[in-house]
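J.: my_file.txt is reproduced in full below (compact mmCIF, C-alpha atoms).
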```txt
# COMPACT_ATOMS: atom_id res chain seq x y z
CA MET A 808 64.73 -6.04 30.33
CA SER A 809 68.32 -4.76 30.11
CA VAL A 810 69.57 -1.97 32.38
CA ALA A 811 70.19 0.24 29.35
CA ALA A 812 66.64 -0.20 28.12
CA SER A 813 65.22 0.78 31.54
CA ILE A 814 67.12 4.05 31.80
CA ASP A 815 65.18 7.26 31.31
CA SER A 816 67.60 9.23 29.13
CA ALA A 817 66.04 12.58 30.06
CA LYS A 818 66.51 11.88 33.77
CA GLN A 819 70.04 10.68 33.08
CA GLU A 820 70.93 13.87 31.25
CA ALA A 821 69.31 15.97 33.96
CA PHE A 822 71.38 14.21 36.63
CA VAL A 823 74.59 14.66 34.68
CA GLY A 824 73.71 18.35 34.56
CA GLN A 825 73.21 18.33 38.33
CA VAL A 826 76.60 16.66 38.86
CA LEU A 827 78.22 19.24 36.61
CA THR A 828 76.54 22.05 38.53
CA ASN A 829 77.67 20.65 41.88
CA THR A 830 81.21 20.06 40.66
CA SER A 831 81.34 23.58 39.29
CA ALA A 832 80.06 24.87 42.64
CA ALA A 833 82.96 23.13 44.39
CA MET A 834 85.39 24.92 42.08
CA VAL A 835 83.63 28.25 42.54
CA THR A 836 83.75 27.81 46.32
CA THR A 837 87.48 27.08 46.15
CA LEU A 838 88.04 30.23 44.06
CA ALA A 839 85.87 32.23 46.45
CA ALA A 840 87.89 30.87 49.38
CA LEU A 841 91.09 32.02 47.67
CA GLY A 842 89.53 35.41 47.07
CA ASP A 843 88.59 35.68 50.73
CA ARG A 844 92.08 34.68 51.87
CA LEU A 845 93.72 37.24 49.56
CA GLY A 846 91.24 40.00 50.37
CA LEU A 847 90.07 40.25 46.76
CA PHE A 848 86.38 40.70 47.49
CA LYS A 849 87.16 43.46 49.97
CA THR A 850 89.47 45.05 47.38
CA LEU A 851 86.70 44.97 44.77
CA ALA A 852 84.26 46.48 47.25
CA ALA A 853 86.71 49.28 48.04
CA VAL A 854 88.12 50.19 44.60
CA GLY A 855 85.78 48.73 41.99
CA PRO A 856 84.81 49.03 39.24
CA ALA A 857 88.45 48.45 38.32
CA THR A 858 90.64 46.67 35.80
CA SER A 859 92.49 43.49 36.67
CA GLU A 860 95.70 45.56 36.76
CA ASP A 861 94.24 47.97 39.31
CA ILE A 862 92.81 45.17 41.46
CA ALA A 863 96.11 43.29 41.42
CA ALA A 864 98.01 46.41 42.41
CA HIS A 865 95.67 47.22 45.30
CA ALA A 866 95.62 43.60 46.53
CA GLY A 867 99.34 43.09 46.15
CA ILE A 868 99.08 40.08 43.84
CA VAL A 869 100.24 39.13 40.34
CA GLU A 870 97.98 40.50 37.61
CA ARG A 871 97.83 37.23 35.64
CA TYR A 872 96.40 35.40 38.63
CA ALA A 873 94.03 38.28 39.35
CA ARG A 874 92.74 38.18 35.77
CA GLU A 875 92.11 34.42 35.87
CA TRP A 876 90.38 34.63 39.24
CA LEU A 877 88.22 37.53 38.10
CA GLY A 878 87.24 35.51 35.03
CA GLY A 879 86.15 32.62 37.20
CA MET A 880 84.15 34.85 39.52
CA THR A 881 82.56 36.60 36.55
CA SER A 882 81.51 33.31 34.94
CA ALA A 883 79.96 32.25 38.26
CA GLY A 884 78.01 35.49 38.55
CA TYR A 885 79.81 36.69 41.70
CA VAL A 886 81.49 39.59 39.88
CA THR A 887 80.32 41.70 36.93
CA TYR A 888 82.43 42.75 33.94
CA ASP A 889 82.10 45.72 31.59
CA ALA A 890 83.74 44.72 28.29
CA ALA A 891 83.89 48.32 27.06
CA THR A 892 85.97 49.55 30.00
CA ARG A 893 87.53 46.19 31.00
CA ARG A 894 86.46 46.88 34.55
CA PHE A 895 85.24 44.36 37.14
CA ALA A 896 82.86 45.16 39.97
CA LEU A 897 81.34 43.50 43.02
CA PRO A 898 77.60 44.27 42.97
CA PRO A 899 76.41 45.94 46.19
CA GLU A 900 73.97 43.09 46.74
CA HIS A 901 76.90 40.63 46.89
CA ARG A 902 78.95 42.50 49.44
CA ALA A 903 77.16 41.22 52.55
CA ALA A 904 78.05 37.61 51.71
CA LEU A 905 81.54 38.18 50.33
CA ALA A 906 83.09 41.38 51.69
CA ASP A 907 81.29 42.44 54.88
CA GLU A 908 83.59 40.88 57.49
CA GLY A 909 81.67 39.97 60.65
CA GLY A 910 78.29 40.73 59.10
CA PRO A 911 75.28 38.46 59.63
CA MET A 912 75.39 37.13 56.04
CA PHE A 913 79.17 36.81 55.64
CA PHE A 914 80.53 33.51 54.24
CA GLY A 915 84.26 34.15 54.59
CA GLY A 916 84.58 32.04 57.72
CA ILE A 917 82.99 29.04 56.03
CA TYR A 918 85.32 29.44 53.06
CA GLU A 919 88.32 29.42 55.39
CA MET A 920 87.04 26.31 57.18
CA VAL A 921 86.53 24.49 53.86
CA LEU A 922 90.09 25.20 52.72
CA SER A 923 91.50 24.12 56.05
CA ALA A 924 89.39 20.96 56.30
CA SER A 925 90.80 19.73 52.99
CA SER A 926 94.05 19.03 54.87
CA VAL A 927 92.42 16.24 56.91
CA VAL A 928 90.57 14.50 54.06
CA ASP A 929 93.16 11.72 53.83
CA ARG A 930 92.76 10.97 57.53
CA ILE A 931 88.98 11.03 57.24
CA ALA A 932 89.17 8.57 54.31
CA GLU A 933 91.18 6.25 56.52
CA ALA A 934 88.54 6.58 59.26
CA PHE A 935 85.94 5.48 56.71
CA ARG A 936 87.92 2.25 56.30
CA ALA A 937 89.14 1.59 59.83
CA GLY A 938 86.73 3.48 62.08
CA GLY A 939 87.58 6.13 64.62
CA GLY A 940 87.98 9.71 63.52
CA VAL A 941 90.13 12.81 63.32
CA PRO A 942 90.84 14.65 66.62
CA GLN A 943 90.52 18.38 67.08
CA SER A 944 94.29 18.66 67.38
CA ALA A 945 94.65 17.67 63.69
CA TYR A 946 93.01 20.88 62.46
CA ASP A 947 95.23 23.86 61.80
CA GLU A 948 94.75 27.41 63.01
CA ARG A 949 92.90 28.41 59.83
CA PHE A 950 90.01 26.11 60.74
CA TRP A 951 89.49 27.74 64.13
CA ASP A 952 89.93 31.20 62.63
CA GLY A 953 87.25 30.37 60.08
CA MET A 954 84.89 29.01 62.72
CA GLU A 955 85.29 32.16 64.78
CA ARG A 956 84.71 34.39 61.76
CA PHE A 957 81.56 32.47 60.83
CA SER A 958 80.05 32.40 64.32
CA ALA A 959 80.82 36.11 64.75
CA GLY A 960 77.87 36.90 62.53
CA PHE A 961 75.49 35.26 65.02
CA PHE A 962 77.14 36.37 68.24
CA ASP A 963 77.63 39.97 67.10
CA HIS A 964 74.26 40.49 65.42
CA ALA A 965 71.75 38.03 66.93
CA LEU A 966 72.72 36.89 70.44
CA VAL A 967 71.98 40.10 72.33
CA GLN A 968 69.75 41.69 69.71
CA GLN A 969 67.37 38.75 69.06
CA TRP A 970 68.00 35.56 71.04
CA VAL A 971 68.18 36.95 74.57
CA PRO A 972 65.08 39.18 74.15
CA ALA A 973 63.19 36.07 72.95
CA MET A 974 63.86 34.57 76.42
CA PRO A 975 62.47 37.15 78.91
CA ASP A 976 63.39 35.14 82.02
CA VAL A 977 66.99 34.80 80.84
CA GLU A 978 67.18 38.51 80.00
CA ARG A 979 65.80 39.41 83.42
CA LYS A 980 68.41 37.27 85.17
CA LEU A 981 71.23 38.78 83.11
CA ARG A 982 70.13 42.34 83.86
CA LYS A 983 69.73 41.64 87.58
CA GLY A 984 73.13 39.95 87.83
CA ALA A 985 73.50 36.23 87.19
CA ASP A 986 76.16 33.56 87.31
CA VAL A 987 76.49 32.42 83.70
CA ALA A 988 78.41 29.49 82.17
CA ASP A 989 79.11 28.83 78.50
CA VAL A 990 79.90 25.13 77.99
CA GLY A 991 82.02 24.50 74.90
CA CYS A 992 82.85 28.20 74.72
CA GLY A 993 85.45 27.97 71.94
CA ARG A 994 87.21 31.30 71.57
CA GLY A 995 84.76 32.99 73.91
CA ARG A 996 82.97 35.53 71.73
CA ALA A 997 79.47 34.72 73.06
CA LEU A 998 80.36 35.49 76.68
CA ILE A 999 82.21 38.65 75.70
CA ARG A 1000 79.14 39.97 73.90
CA LEU A 1001 76.93 39.06 76.87
CA ALA A 1002 79.34 40.67 79.33
CA GLU A 1003 79.36 43.88 77.30
CA ALA A 1004 75.56 44.00 77.20
CA PHE A 1005 74.89 42.80 80.76
CA PRO A 1006 77.82 43.97 82.93
CA GLU A 1007 76.09 43.10 86.22
CA SER A 1008 76.47 39.37 85.59
CA ARG A 1009 79.47 37.07 86.06
CA TYR A 1010 80.64 34.75 83.32
CA VAL A 1011 82.77 31.62 82.95
CA GLY A 1012 83.46 29.63 79.80
CA PHE A 1013 84.47 25.97 79.75
CA ASP A 1014 86.07 24.11 76.86
CA ALA A 1015 88.15 20.94 76.62
CA PHE A 1016 90.29 22.37 73.78
CA ALA A 1017 93.08 24.35 75.45
CA PRO A 1018 94.17 26.49 72.44
CA GLY A 1019 90.66 27.87 72.12
CA VAL A 1020 90.50 28.73 75.81
CA GLU A 1021 93.82 30.59 75.57
CA ARG A 1022 92.50 32.69 72.70
CA ALA A 1023 89.23 33.31 74.58
CA ALA A 1024 91.11 34.69 77.58
CA ALA A 1025 93.15 36.94 75.31
CA HIS A 1026 89.98 38.23 73.63
CA ALA A 1027 88.46 39.02 77.03
CA ARG A 1028 91.51 41.07 77.99
CA GLU A 1029 91.48 42.91 74.66
CA THR A 1030 87.82 43.92 75.11
CA SER A 1031 88.17 44.99 78.76
CA VAL A 1032 85.69 42.46 80.19
CA ALA A 1033 88.27 40.28 81.95
CA ASP A 1034 87.01 41.56 85.32
CA ARG A 1035 83.78 39.62 84.87
CA VAL A 1036 84.66 36.93 82.31
CA ARG A 1037 87.03 34.01 82.77
CA TYR A 1038 87.73 30.80 80.89
CA GLU A 1039 88.79 27.35 82.02
CA VAL A 1040 89.99 24.20 80.29
CA ARG A 1041 87.53 21.50 81.36
CA ASP A 1042 85.76 18.46 79.96
CA ALA A 1043 82.15 19.30 80.78
CA ALA A 1044 81.13 15.64 80.75
CA SER A 1045 83.21 15.21 83.92
CA ASP A 1046 81.10 17.73 85.89
CA LEU A 1047 81.13 21.50 86.24
CA PRO A 1048 82.35 23.44 89.28
CA GLY A 1049 79.86 25.69 91.01
CA THR A 1050 76.23 26.43 90.25
CA TYR A 1051 74.76 28.84 87.71
CA ASP A 1052 71.60 30.81 86.99
CA VAL A 1053 72.09 30.48 83.22
CA ILE A 1054 74.09 27.85 81.36
CA ALA A 1055 74.43 27.94 77.58
CA THR A 1056 75.73 25.73 74.81
CA PHE A 1057 76.08 27.18 71.33
CA ASP A 1058 76.30 24.45 68.64
CA VAL A 1059 78.04 22.12 71.07
CA ILE A 1060 75.90 19.12 72.02
CA HIS A 1061 75.87 17.56 68.54
CA ASP A 1062 79.71 17.70 68.59
CA ALA A 1063 80.09 16.24 72.07
CA VAL A 1064 81.92 12.99 72.76
CA ASP A 1065 79.44 12.26 75.55
CA PRO A 1066 76.32 14.39 74.97
CA VAL A 1067 74.39 12.75 77.82
CA GLY A 1068 77.31 13.35 80.16
CA VAL A 1069 77.48 17.02 79.19
CA LEU A 1070 73.73 17.47 79.65
CA ARG A 1071 73.90 15.72 83.03
CA SER A 1072 76.70 18.04 84.17
CA ILE A 1073 74.64 21.04 83.06
CA PHE A 1074 71.58 19.74 84.91
CA ARG A 1075 73.56 19.26 88.13
CA ALA A 1076 75.20 22.70 87.91
CA LEU A 1077 71.97 24.57 87.21
CA GLN A 1078 70.31 26.46 90.06
CA PRO A 1079 66.79 25.15 90.91
CA ASP A 1080 65.24 28.12 89.09
CA GLY A 1081 67.99 28.34 86.47
CA VAL A 1082 67.68 28.16 82.69
CA TYR A 1083 69.73 26.08 80.28
CA VAL A 1084 69.95 27.77 76.85
CA CYS A 1085 70.71 25.33 74.04
CA LEU A 1086 71.43 26.54 70.51
CA ASP A 1087 71.94 23.75 68.01
CA VAL A 1088 71.53 22.89 64.35
CA ASN A 1089 68.18 23.29 62.62
CA CYS A 1090 67.49 19.83 61.24
CA SER A 1091 64.85 17.13 60.95
CA GLN A 1092 64.70 13.74 62.66
CA GLU A 1093 63.76 12.26 59.28
CA LEU A 1094 66.39 11.83 56.57
CA GLN A 1095 63.93 12.98 53.93
CA GLY A 1096 63.49 16.20 55.89
CA ASN A 1097 67.17 17.10 55.48
CA THR A 1098 67.44 17.96 51.80
CA GLY A 1099 68.64 20.89 49.74
CA PRO A 1100 71.80 23.02 49.79
CA LEU A 1101 71.78 23.76 53.53
CA ALA A 1102 71.41 20.12 54.55
CA SER A 1103 74.07 19.05 52.05
CA MET A 1104 76.45 21.58 53.56
CA PHE A 1105 75.61 20.30 57.05
CA TYR A 1106 76.37 16.71 56.07
CA GLY A 1107 79.71 17.82 54.65
CA ILE A 1108 80.59 19.69 57.85
CA SER A 1109 79.57 16.63 59.84
CA ILE A 1110 82.00 14.35 58.02
CA LEU A 1111 84.77 16.93 57.86
CA TYR A 1112 84.52 17.94 61.53
CA CYS A 1113 81.51 17.41 63.83
CA MET A 1114 81.00 13.66 63.62
CA THR A 1115 84.62 12.68 63.08
CA THR A 1116 86.02 14.62 66.06
CA SER A 1117 83.50 12.94 68.36
CA LEU A 1118 84.23 9.48 66.97
CA ALA A 1119 87.98 10.13 67.31
CA ALA A 1120 87.49 10.02 71.09
CA GLY A 1121 85.17 7.01 70.98
CA GLY A 1122 82.17 9.28 71.30
CA ALA A 1123 78.53 9.23 70.25
CA GLY A 1124 79.21 10.84 66.88
CA LEU A 1125 75.79 12.49 66.62
CA GLY A 1126 77.00 14.65 63.75
CA THR A 1127 75.82 18.03 62.55
CA LEU A 1128 72.26 16.84 61.91
CA GLY A 1129 72.12 14.53 64.93
CA LEU A 1130 70.56 16.81 67.53
CA HIS A 1131 67.14 17.50 66.07
CA GLU A 1132 64.41 18.56 68.47
CA HIS A 1133 63.19 15.00 69.08
CA LYS A 1134 66.71 13.84 70.03
CA LEU A 1135 67.32 16.79 72.33
CA ARG A 1136 64.06 16.14 74.15
CA GLU A 1137 64.95 12.46 74.48
CA LEU A 1138 68.43 13.09 75.91
CA ALA A 1139 67.36 16.01 78.12
CA THR A 1140 64.52 14.00 79.64
CA VAL A 1141 66.91 11.17 80.49
CA VAL A 1142 69.04 13.48 82.65
CA GLY A 1143 66.05 15.10 84.38
CA PHE A 1144 64.93 18.18 82.42
CA ARG A 1145 61.15 18.44 82.44
CA ASP A 1146 60.42 21.83 80.88
CA ILE A 1147 61.75 22.11 77.32
CA ARG A 1148 60.64 25.03 75.14
CA ARG A 1149 61.63 25.76 71.59
CA VAL A 1150 62.19 29.49 71.27
CA PRO A 1151 60.94 31.04 68.02
CA ILE A 1152 63.81 32.68 66.13
CA GLU A 1153 64.41 33.51 62.48
CA ASN A 1154 67.58 31.59 61.68
CA PRO A 1155 67.86 28.89 58.98
CA PHE A 1156 71.00 27.45 60.60
CA ASN A 1157 69.87 26.92 64.17
CA ASN A 1158 67.13 26.10 66.65
CA LEU A 1159 67.06 27.68 70.11
CA TYR A 1160 65.71 26.00 73.25
CA GLU A 1161 65.13 26.87 76.91
CA LEU A 1162 65.35 23.96 79.35
CA ARG A 1163 64.42 23.95 83.02
CA ARG A 1164 64.20 21.45 85.79
```
Would you put the structure from the file into structure tokens?

T.:
Amino acid sequence: MSVAASIDSAKQEAFVGQVLTNTSAAMVTTLAALGDRLGLFKTLAAVGPATSEDIAAHAGIVERYAREWLGGMTSAGYVTYDAATRRFALPPEHRAALADEGGPMFFGGIYEMVLSASSVVDRIAEAFRAGGGVPQSAYDERFWDGMERFSAGFFDHALVQQWVPAMPDVERKLRKGADVADVGCGRGRALIRLAEAFPESRYVGFDAFAPGVERAAAHARETSVADRVRYEVRDAASDLPGTYDVIATFDVIHDAVDPVGVLRSIFRALQPDGVYVCLDVNCSQELQGNTGPLASMFYGISILYCMTTSLAAGGAGLGTLGLHEHKLRELATVVGFRDIRRVPIENPFNNLYELRR
């Protein structure tokens, strides 16, 4: 039987439609990223319904580009258009995702990361051929800005409000006054939010990426918590100074060059009755369990950042979907953790765990 004769034409057409849909989504995401960068969604939320001329004037851009962008966003269903008045509007239901900076549903940070990550695609393609990866130093400031904007939704709206209350022992320690470490702290927002909510505790953030630590220290000074929060450039796999009542990692272990080394350092630095809080990606240990839009996005982030930055340093390269619950339990048990509890939270992006000796 020939290949042509064995093809189901209906399935073929359906798949071509899927490819078209996905390709269109890539274009829509690029347009949305441009709109985020230029403040067009926020302009629409503030002044709409409005004509393309009005939107361009308020946003400080050329009307012809505004009109073309608005057409693209209208065709994608992000923006509505009234033909009678020639006015465009951002529906109120769309504002949380597109215009509500720092909100729990805001996508602007992801858009910024996607635009920035496109600058390293050539280097990632070379890594496909030759091995290795792309180091953190290759990513420009937009990538880190986008990551901070995206994570702000969780740290500002879930960390203190939902995650900590779901761990009563951790909350009790924080209220009483605990020594707290954030390993892989990035730009430091998590510790700042904890320090604001639990001022009796003392906080230190560790990260191997010096530019992020510098920004974290600046953020702490700007928010007046520098008296109880400090940051230090340190590779956590090489051990941690001091001992702590609570140690946290927020979406860090799957990125780590040496995840076992980091977990071992955390285990050694934890007080006998201390708690290690591990937030990481919500994923399945089975490939067939990682399907759909969210998993596809995770795989893309893995190739564009998480896996490749680990491999660049000769690391484990777990990738975005590499620290499922089974893997965490396996690695944590190797270093000595015996009590591992998955904390119930409502978050499609992440799982939360408490680990004790």

J.: Using only C-alpha atoms, which protein or nucleic acid residues come within 7 Å of Phe848 (chain A)? Drop anything in the same chain fewer than 6 positions from it, and give the result as JSON, numbers by chain.

T.: {"A": [842, 905, 906]}

J.: Using all atoms listed in the file, which protein or nucleic acid residues come within 8 Å of region 950-952 of chain A? Drop anything in the same chain fewer than 2 positions from it, and give the result as a VMD selection string.

T.: chain A and resid 916 919 to 921 923 to 924 946 to 948 954 to 956

J.: Between A:Arg902, A:Arg1075, A:Arg1145, A:Arg1136, which one has atoms that come closest to Ile1054 (chain A), using only C-alpha atoms?

T.: A:Arg1075

J.: As a PyMOL selection string, please: the residues near region 818-829 of chain A (cut-off 12 Å, all atoms listed in the file, same-chain neighbours under 5 positions excluded).

T.: chain A and resi 811+813+834-836+883+1099-1100+1103-1104

J.: Closest to Gln943 (chain A) among A:Ala1139, A:Val927, A:Val1067, A:Ile814, using only C-alpha atoms?

T.: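 Residue with the minimum atom-to-atom distance to Gln943 (chain A): A:Val927.
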
J.: Which of these, A:Cys992, A:Leu1086, A:Leu1070, A:Val1053, has the shortest distance to Val1040 (chain A) once you count only C-alpha atoms?

T.: A:Cys992

J.: Separation of CA of Asp1146 (chain A) and CA of Arg1163 (chain A), in Å?

T.: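 Atom-to-atom, CA of Asp1146 (chain A) to CA of Arg1163 (chain A), that is 5.0 Å.
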
J.: Quick one: residues within 10 Å of Cys1090 (chain A), only C-alpha atoms, excluding same-chain residues fewer than 3 positions away - as a list of chain:residue names?

T.: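 Returned residues: A:Asp1087, A:Glu1093, A:Leu1094, A:Gly1096, A:Asn1097, A:Thr1098, A:Leu1101, A:Ala1102, A:Phe1105, A:Thr1127, A:Leu1128, A:Gly1129, A:Leu1130, A:His1131, A:Glu1132, A:Pro1155, A:Phe1156, A:Asn1157, A:Asn1158.
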
J.: Taking only C-alpha atoms into account, which of A:Pro1006, A:Gly938, A:Ile1152, A:Ala1063 comes nearest Ala1123 (chain A)?

T.: A:Ala1063

J.: Ranking A:Lys980, A:Arg1000, A:Arg1009, A:His1026 by minimum distance to Gln968 (chain A) and counting only C-alpha atoms, which one comes first?

T.: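 Selected residue with least distance to Gln968 (chain A): A:Arg1000.
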
J.: My list of candidates is A:Gly991, A:Pro942, A:Ser1045, A:Leu922. Which is closest to Ala1023 (chain A) when distances are computed with all atoms listed in the file?

T.: A:Gly991

J.: Take CA of Ala932 (chain A) and CA of Ala833 (chain A) and report the distance between them in Å, one decimal.

T.: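 Between these atoms lies a distance of 18.7 Å.
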
J.: In Å to one decimal, how far is CA of Arg949 (chain A) from CA of Pro898 (chain A)?

T.: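 Going from CA of Pro898 (chain A) over to CA of Arg949 (chain A) covers 27.7 Å.
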
J.: How would region 1063-1077 of chain A look with N, CA, C and O atoms restored, written as an mmCIF file, keeping the file's coordinate frame?

T.:
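Once written, selection_36.cif looks like this:
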```
data_model
loop_
_atom_site.group_PDB
_atom_site.id
_atom_site.type_symbol
_atom_site.label_atom_id
_atom_site.label_comp_id
_atom_site.auth_asym_id
_atom_site.auth_seq_id
_atom_site.Cartn_x
_atom_site.Cartn_y
_atom_site.Cartn_z
ATOM 1 N N ALA A 1063 79.534 16.778 70.843
ATOM 2 C CA ALA A 1063 80.090 16.240 72.070
ATOM 3 C C ALA A 1063 80.460 14.765 71.974
ATOM 4 O O ALA A 1063 79.763 13.982 71.323
ATOM 5 N N VAL A 1064 81.544 14.403 72.651
ATOM 6 C CA VAL A 1064 81.920 12.990 72.760
ATOM 7 C C VAL A 1064 80.860 12.252 73.567
ATOM 8 O O VAL A 1064 80.420 11.157 73.198
ATOM 9 N N ASP A 1065 80.439 12.863 74.659
ATOM 10 C CA ASP A 1065 79.440 12.260 75.550
ATOM 11 C C ASP A 1065 78.311 13.265 75.764
ATOM 12 O O ASP A 1065 78.278 13.964 76.778
ATOM 13 N N PRO A 1066 77.377 13.373 74.839
ATOM 14 C CA PRO A 1066 76.320 14.390 74.970
ATOM 15 C C PRO A 1066 75.466 14.215 76.218
ATOM 16 O O PRO A 1066 75.088 15.198 76.853
ATOM 17 N N VAL A 1067 75.179 12.978 76.603
ATOM 18 C CA VAL A 1067 74.390 12.750 77.820
ATOM 19 C C VAL A 1067 75.185 13.207 79.040
ATOM 20 O O VAL A 1067 74.636 13.834 79.960
ATOM 21 N N GLY A 1068 76.475 12.911 79.049
ATOM 22 C CA GLY A 1068 77.310 13.350 80.160
ATOM 23 C C GLY A 1068 77.361 14.858 80.284
ATOM 24 O O GLY A 1068 77.303 15.402 81.397
ATOM 25 N N VAL A 1069 77.467 15.558 79.162
ATOM 26 C CA VAL A 1069 77.480 17.020 79.190
ATOM 27 C C VAL A 1069 76.150 17.559 79.698
ATOM 28 O O VAL A 1069 76.105 18.455 80.556
ATOM 29 N N LEU A 1070 75.053 17.017 79.203
ATOM 30 C CA LEU A 1070 73.730 17.470 79.650
ATOM 31 C C LEU A 1070 73.530 17.180 81.133
ATOM 32 O O LEU A 1070 72.933 17.981 81.860
ATOM 33 N N ARG A 1071 74.033 16.047 81.603
ATOM 34 C CA ARG A 1071 73.900 15.720 83.030
ATOM 35 C C ARG A 1071 74.700 16.692 83.888
ATOM 36 O O ARG A 1071 74.230 17.142 84.942
ATOM 37 N N SER A 1072 75.895 17.061 83.431
ATOM 38 C CA SER A 1072 76.700 18.040 84.170
ATOM 39 C C SER A 1072 75.985 19.383 84.223
ATOM 40 O O SER A 1072 75.990 20.064 85.259
ATOM 41 N N ILE A 1073 75.384 19.775 83.113
ATOM 42 C CA ILE A 1073 74.640 21.040 83.060
ATOM 43 C C ILE A 1073 73.461 20.987 84.022
ATOM 44 O O ILE A 1073 73.214 21.938 84.776
ATOM 45 N N PHE A 1074 72.746 19.889 84.027
ATOM 46 C CA PHE A 1074 71.580 19.740 84.910
ATOM 47 C C PHE A 1074 72.001 19.874 86.372
ATOM 48 O O PHE A 1074 71.356 20.572 87.160
ATOM 49 N N ARG A 1075 73.098 19.228 86.742
ATOM 50 C CA ARG A 1075 73.560 19.260 88.130
ATOM 51 C C ARG A 1075 74.042 20.645 88.542
ATOM 52 O O ARG A 1075 73.899 21.042 89.705
ATOM 53 N N ALA A 1076 74.625 21.387 87.586
ATOM 54 C CA ALA A 1076 75.200 22.700 87.910
ATOM 55 C C ALA A 1076 74.179 23.833 87.826
ATOM 56 O O ALA A 1076 74.502 24.974 88.170
ATOM 57 N N LEU A 1077 72.985 23.541 87.393
ATOM 58 C CA LEU A 1077 71.970 24.570 87.210
ATOM 59 C C LEU A 1077 71.250 24.834 88.538
ATOM 60 O O LEU A 1077 70.839 23.901 89.236
#
```
